[in-house]
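Pasted below: start.pdb, PDB, C-alpha atoms.
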MODEL        1
ATOM      1  CA  MET A  30     -28.108   4.035  -2.702
ATOM      2  CA  SER A  31     -24.498   3.993  -3.908
ATOM      3  CA  LEU A  32     -21.754   3.302  -1.420
ATOM      4  CA  CYS A  33     -19.228   5.199  -3.551
ATOM      5  CA  GLY A  34     -19.038   8.955  -3.513
ATOM      6  CA  LYS A  35     -16.997  11.972  -4.394
ATOM      7  CA  MET A  36     -16.738  15.408  -2.819
ATOM      8  CA  GLU A  37     -14.861  18.365  -4.283
ATOM      9  CA  ALA A  38     -13.801  21.871  -3.374
ATOM     10  CA  GLU A  39     -11.866  24.630  -5.092
ATOM     11  CA  ILE A  40      -9.943  27.214  -3.134
ATOM     12  CA  GLU A  41      -8.492  30.372  -4.649
ATOM     13  CA  MET A  42      -5.073  31.074  -3.225
ATOM     14  CA  LYS A  43      -2.841  34.126  -3.446
ATOM     15  CA  ALA A  44       0.335  32.036  -3.273
ATOM     16  CA  PRO A  45       1.820  30.831  -6.587
ATOM     17  CA  ALA A  46       1.010  27.277  -7.711
ATOM     18  CA  ASP A  47       4.615  26.047  -7.539
ATOM     19  CA  LYS A  48       4.926  27.135  -3.915
ATOM     20  CA  VAL A  49       1.534  25.679  -2.935
ATOM     21  CA  PHE A  50       2.247  22.315  -4.574
ATOM     22  CA  GLU A  51       5.720  22.147  -3.055
ATOM     23  CA  PHE A  52       4.278  22.903   0.374
ATOM     24  CA  TYR A  53       1.682  20.101   0.165
ATOM     25  CA  THR A  54       4.040  17.501  -1.285
ATOM     26  CA  CYS A  55       7.569  18.226  -0.038
ATOM     27  CA  LEU A  56       7.089  20.504   2.976
ATOM     28  CA  ALA A  57       3.945  18.989   4.496
ATOM     29  CA  TYR A  58       5.738  18.639   7.836
ATOM     30  CA  GLN A  59       5.408  22.452   8.150
ATOM     31  CA  MET A  60       1.607  22.347   7.998
ATOM     32  CA  SER A  61       1.224  22.146  11.752
ATOM     33  CA  LYS A  62       2.945  25.559  11.936
ATOM     34  CA  SER A  63       0.626  27.116   9.347
ATOM     35  CA  SER A  64      -2.658  25.520  10.474
ATOM     36  CA  PRO A  65      -2.183  24.182  14.029
ATOM     37  CA  GLU A  66      -5.889  24.162  14.793
ATOM     38  CA  MET A  67      -6.538  21.760  11.872
ATOM     39  CA  LEU A  68      -3.283  19.760  11.754
ATOM     40  CA  GLN A  69      -1.315  18.879  14.839
ATOM     41  CA  SER A  70       1.328  16.951  12.912
ATOM     42  CA  VAL A  71       2.340  15.558   9.540
ATOM     43  CA  ASP A  72       5.084  12.974   9.801
ATOM     44  CA  LEU A  73       6.995  10.996   7.191
ATOM     45  CA  GLN A  74       6.884   7.338   8.207
ATOM     46  CA  GLU A  75       8.491   5.767   5.158
ATOM     47  CA  GLY A  76      10.100   6.947   1.916
ATOM     48  CA  GLN A  77      10.890  10.554   0.976
ATOM     49  CA  TRP A  78       8.819  13.728   1.036
ATOM     50  CA  GLY A  79       7.256  14.339  -2.366
ATOM     51  CA  LYS A  80       7.879  10.832  -3.718
ATOM     52  CA  LYS A  81       5.454   8.136  -4.846
ATOM     53  CA  GLY A  82       5.160   5.337  -2.309
ATOM     54  CA  SER A  83       5.932   7.544   0.689
ATOM     55  CA  ILE A  84       3.824   6.956   3.771
ATOM     56  CA  LEU A  85       2.655  10.036   5.662
ATOM     57  CA  CYS A  86       0.806  10.264   8.951
ATOM     58  CA  TRP A  87      -1.556  13.276   9.110
ATOM     59  CA  ASN A  88      -2.996  13.607  12.624
ATOM     60  CA  TYR A  89      -5.165  10.502  12.869
ATOM     61  CA  ILE A  90      -4.800   9.002   9.412
ATOM     62  CA  LYS A  91      -1.950   7.373   7.589
ATOM     63  CA  MET A  92      -1.716   7.733   3.799
ATOM     64  CA  ILE A  93       0.446   6.473   1.004
ATOM     65  CA  THR A  94       1.356   8.741  -1.893
ATOM     66  CA  GLU A  95      -0.118   6.813  -4.829
ATOM     67  CA  GLU A  96       0.672   9.273  -7.598
ATOM     68  CA  ILE A  97       2.578  12.513  -7.860
ATOM     69  CA  ASP A  98       2.941  14.579 -11.026
ATOM     70  CA  TYR A  99       5.170  17.637 -10.655
ATOM     71  CA  ARG A 100       4.572  18.861 -14.179
ATOM     72  CA  ASN A 101       0.779  18.948 -13.747
ATOM     73  CA  LYS A 102       0.968  19.734 -10.012
ATOM     74  CA  SER A 103      -1.255  16.845  -8.939
ATOM     75  CA  ALA A 104      -1.006  14.189  -6.256
ATOM     76  CA  THR A 105      -3.168  11.313  -5.044
ATOM     77  CA  TYR A 106      -3.051   9.966  -1.503
ATOM     78  CA  LYS A 107      -4.762   6.758  -0.363
ATOM     79  CA  THR A 108      -5.708   6.290   3.290
ATOM     80  CA  ILE A 109      -4.167   3.093   4.654
ATOM     81  CA  GLU A 110      -4.811   3.456   8.423
ATOM     82  CA  GLY A 111      -6.783   5.606  10.793
ATOM     83  CA  ASP A 112     -10.165   6.943  11.802
ATOM     84  CA  LEU A 113     -11.570   7.281   8.278
ATOM     85  CA  LEU A 114     -11.232   3.546   7.678
ATOM     86  CA  GLU A 115     -13.660   2.893  10.530
ATOM     87  CA  PHE A 116     -16.370   4.157   8.155
ATOM     88  CA  TYR A 117     -14.965   3.906   4.646
ATOM     89  CA  LYS A 118     -13.538   0.934   2.779
ATOM     90  CA  ASN A 119     -11.464   3.282   0.595
ATOM     91  CA  PHE A 120     -10.700   6.971   0.935
ATOM     92  CA  ARG A 121      -8.515   8.970  -1.461
ATOM     93  CA  PHE A 122      -7.449  12.607  -1.340
ATOM     94  CA  ILE A 123      -6.658  14.066  -4.772
ATOM     95  CA  LEU A 124      -4.877  17.397  -5.043
ATOM     96  CA  GLN A 125      -4.635  19.510  -8.207
ATOM     97  CA  VAL A 126      -2.967  22.931  -8.139
ATOM     98  CA  THR A 127      -3.495  25.172 -11.168
ATOM     99  CA  PRO A 128      -1.497  28.356 -11.779
ATOM    100  CA  ARG A 129      -3.473  31.545 -12.317
ATOM    101  CA  GLU A 130      -2.381  34.949 -13.488
ATOM    102  CA  GLU A 131      -2.187  35.916  -9.826
ATOM    103  CA  GLY A 132      -1.960  33.086  -7.343
ATOM    104  CA  SER A 133      -3.356  29.626  -7.880
ATOM    105  CA  LEU A 134      -6.440  27.457  -7.702
ATOM    106  CA  VAL A 135      -6.362  24.399  -5.443
ATOM    107  CA  HIS A 136      -8.798  21.636  -6.275
ATOM    108  CA  TRP A 137      -9.339  18.900  -3.695
ATOM    109  CA  SER A 138     -11.335  15.761  -4.504
ATOM    110  CA  PHE A 139     -12.243  13.055  -2.035
ATOM    111  CA  GLU A 140     -13.209   9.684  -3.475
ATOM    112  CA  TYR A 141     -14.582   7.207  -0.993
ATOM    113  CA  GLU A 142     -16.466   3.956  -0.585
ATOM    114  CA  LYS A 143     -18.608   3.559   2.520
ATOM    115  CA  LEU A 144     -18.541   0.334   4.503
ATOM    116  CA  ASN A 145     -22.350   0.274   4.440
ATOM    117  CA  ALA A 146     -25.349   2.395   3.431
ATOM    118  CA  ASN A 147     -25.811   3.764   6.978
ATOM    119  CA  ILE A 148     -22.484   5.604   6.904
ATOM    120  CA  PRO A 149     -22.865   9.351   6.243
ATOM    121  CA  ASN A 150     -20.901  11.250   3.629
ATOM    122  CA  PRO A 151     -17.670  12.758   5.014
ATOM    123  CA  GLU A 152     -19.264  16.195   5.364
ATOM    124  CA  THR A 153     -16.855  17.479   8.030
ATOM    125  CA  THR A 154     -13.647  16.475   6.242
ATOM    126  CA  LEU A 155     -13.984  18.876   3.309
ATOM    127  CA  PRO A 156     -14.518  22.066   5.364
ATOM    128  CA  ALA A 157     -11.499  21.127   7.486
ATOM    129  CA  VAL A 158      -9.313  20.817   4.381
ATOM    130  CA  VAL A 159     -10.630  24.135   2.999
ATOM    131  CA  HIS A 160      -9.897  25.827   6.337
ATOM    132  CA  ALA A 161      -6.355  24.430   6.350
ATOM    133  CA  CYS A 162      -5.846  25.638   2.738
ATOM    134  CA  LYS A 163      -6.726  29.172   3.755
ATOM    135  CA  ASP A 164      -4.325  29.011   6.690
ATOM    136  CA  ILE A 165      -1.586  27.659   4.433
ATOM    137  CA  ASP A 166      -2.193  30.413   1.878
ATOM    138  CA  ALA A 167      -1.868  33.060   4.590
ATOM    139  CA  HIS A 168       1.336  31.382   5.789
ATOM    140  CA  LEU A 169       2.834  31.200   2.297
ATOM    141  CA  THR A 170       1.944  34.759   1.324
ATOM    142  CA  GLN A 171       3.181  36.100   4.662
ATOM    143  CA  ALA A 172       6.412  34.138   4.197
ATOM    144  CA  LYS A 173       6.759  35.596   0.708
ATOM    145  CA  THR A 174       6.582  39.157   1.947
ATOM    146  CA  GLN A 175       8.545  38.646   5.169
ATOM    147  CA  ARG A 176      11.117  36.096   3.917
ATOM    148  CA  SER A 177      10.405  33.637   6.712
ATOM    149  CA  PRO A 178      13.422  31.414   7.461
ATOM    150  CA  GLN A 179      10.994  28.460   7.779
ATOM    151  CA  LEU A 180      10.470  28.339   4.025
ATOM    152  CA  GLN A 181      13.983  29.129   2.831
TER     153      GLN A 181
ENDMDL
END
Output the file's structure in the form of structure tokens.
Amino acid sequence: MSLCGKMEAEIEMKAPADKVFEFYTCLAYQMSKSSPEMLQSVDLQEGQWGKKGSILCWNYIKMITEEIDYRNKSATYKTIEGDLLEFYKNFRFILQVTPREEGSLVHWSFEYEKLNANIPNPETTLPAVVHACKDIDAHLTQAKTQRSPQLQ
């Protein structure tokens, strides 16, 4: 049994790719407003929003931005502290946002290495991220039509 694994999900969003990618990378601190049931807080602990090397604290995990590519709308975050590291030696979140004719497609990948063979796959993490994506899409599309001052 392999200790390494990968889980993936794709979420169709109505919001345009540029806005979605900007929200995840530069405006992540607003996520608790758009999906409070999934994210209580996202705080910048070091560096700058949307920059490689920045350290972000998302609820109970702390991550470093390993890679960020604005042209291809992709970002990789490595977990450096928190609950996930009680079970996994390594855990990465990889975001890819692809423009579509209408809206965008968000692709999340989780790459992980379990501490031992008895550790289950992170089955609950992916649905939580998908749920938050849907909340964020509703927030972004509502903001687009209502011109919310939060996103201006």
Hits from the PyMOL selection byres ((chain A and resi 88) around 7), listed as a ChimeraX atom specification: /A:68-71,86-87,89-90
Expansion of the PyMOL selection byres ((chain A and resi 165-170) around 8) into residues, as a ChimeraX atom specification: /A:42-44,48-49,60,63-64,161-164,171-174
Radius query 12 Å about (-10.2, 21.1, -7.3), atoms used: all atoms listed in the file, as a PyMOL selection string: chain A and resi 35-42+102-104+122-127+133-139+155+158-159+162
Picked residues, the PyMOL selection byres ((chain A and resi 83) around 10), expected as a VMD selection string: chain A and resid 73 to 82 84 to 85 92 to 96 106
If you keep C-alpha atoms, can you produce a file of those selected residues as a PDB file, keeping the file's coordinate frame?
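The result, stored in selection.pdb:
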ATOM      1  CA  LEU A  73       6.995  10.996   7.191  1.00  0.00           C
ATOM      2  CA  GLN A  74       6.884   7.338   8.207  1.00  0.00           C
ATOM      3  CA  GLU A  75       8.491   5.767   5.158  1.00  0.00           C
ATOM      4  CA  GLY A  76      10.100   6.947   1.916  1.00  0.00           C
ATOM      5  CA  GLN A  77      10.890  10.554   0.976  1.00  0.00           C
ATOM      6  CA  TRP A  78       8.819  13.728   1.036  1.00  0.00           C
ATOM      7  CA  GLY A  79       7.256  14.339  -2.366  1.00  0.00           C
ATOM      8  CA  LYS A  80       7.879  10.832  -3.718  1.00  0.00           C
ATOM      9  CA  LYS A  81       5.454   8.136  -4.846  1.00  0.00           C
ATOM     10  CA  GLY A  82       5.160   5.337  -2.309  1.00  0.00           C
ATOM     11  CA  ILE A  84       3.824   6.956   3.771  1.00  0.00           C
ATOM     12  CA  LEU A  85       2.655  10.036   5.662  1.00  0.00           C
ATOM     13  CA  MET A  92      -1.716   7.733   3.799  1.00  0.00           C
ATOM     14  CA  ILE A  93       0.446   6.473   1.004  1.00  0.00           C
ATOM     15  CA  THR A  94       1.356   8.741  -1.893  1.00  0.00           C
ATOM     16  CA  GLU A  95      -0.118   6.813  -4.829  1.00  0.00           C
ATOM     17  CA  GLU A  96       0.672   9.273  -7.598  1.00  0.00           C
ATOM     18  CA  TYR A 106      -3.051   9.966  -1.503  1.00  0.00           C
TER      19      TYR A 106
END
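Separating atom CA of Arg129 of chain A from atom CA of Ala46 of chain A is a distance of 7.7 Å.
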Protein, DNA and RNA residues within 12 Å of (-23.5, 1.2, 6.4), only C-alpha atoms, as a list in words: Met30, Ser31, Leu32, Cys33, Glu115, Phe116, Tyr117, Lys118, Glu142, Lys143, Leu144, Asn145, Ala146, Asn147, Ile148, Pro149 and Asn150 of chain A
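Of note, atom CA of Phe52 of chain A and atom CA of Arg121 of chain A are spaced 19.0 Å apart.
Of note, atom CA of Pro65 of chain A and atom CA of His160 of chain A are spaced 11.0 Å apart.
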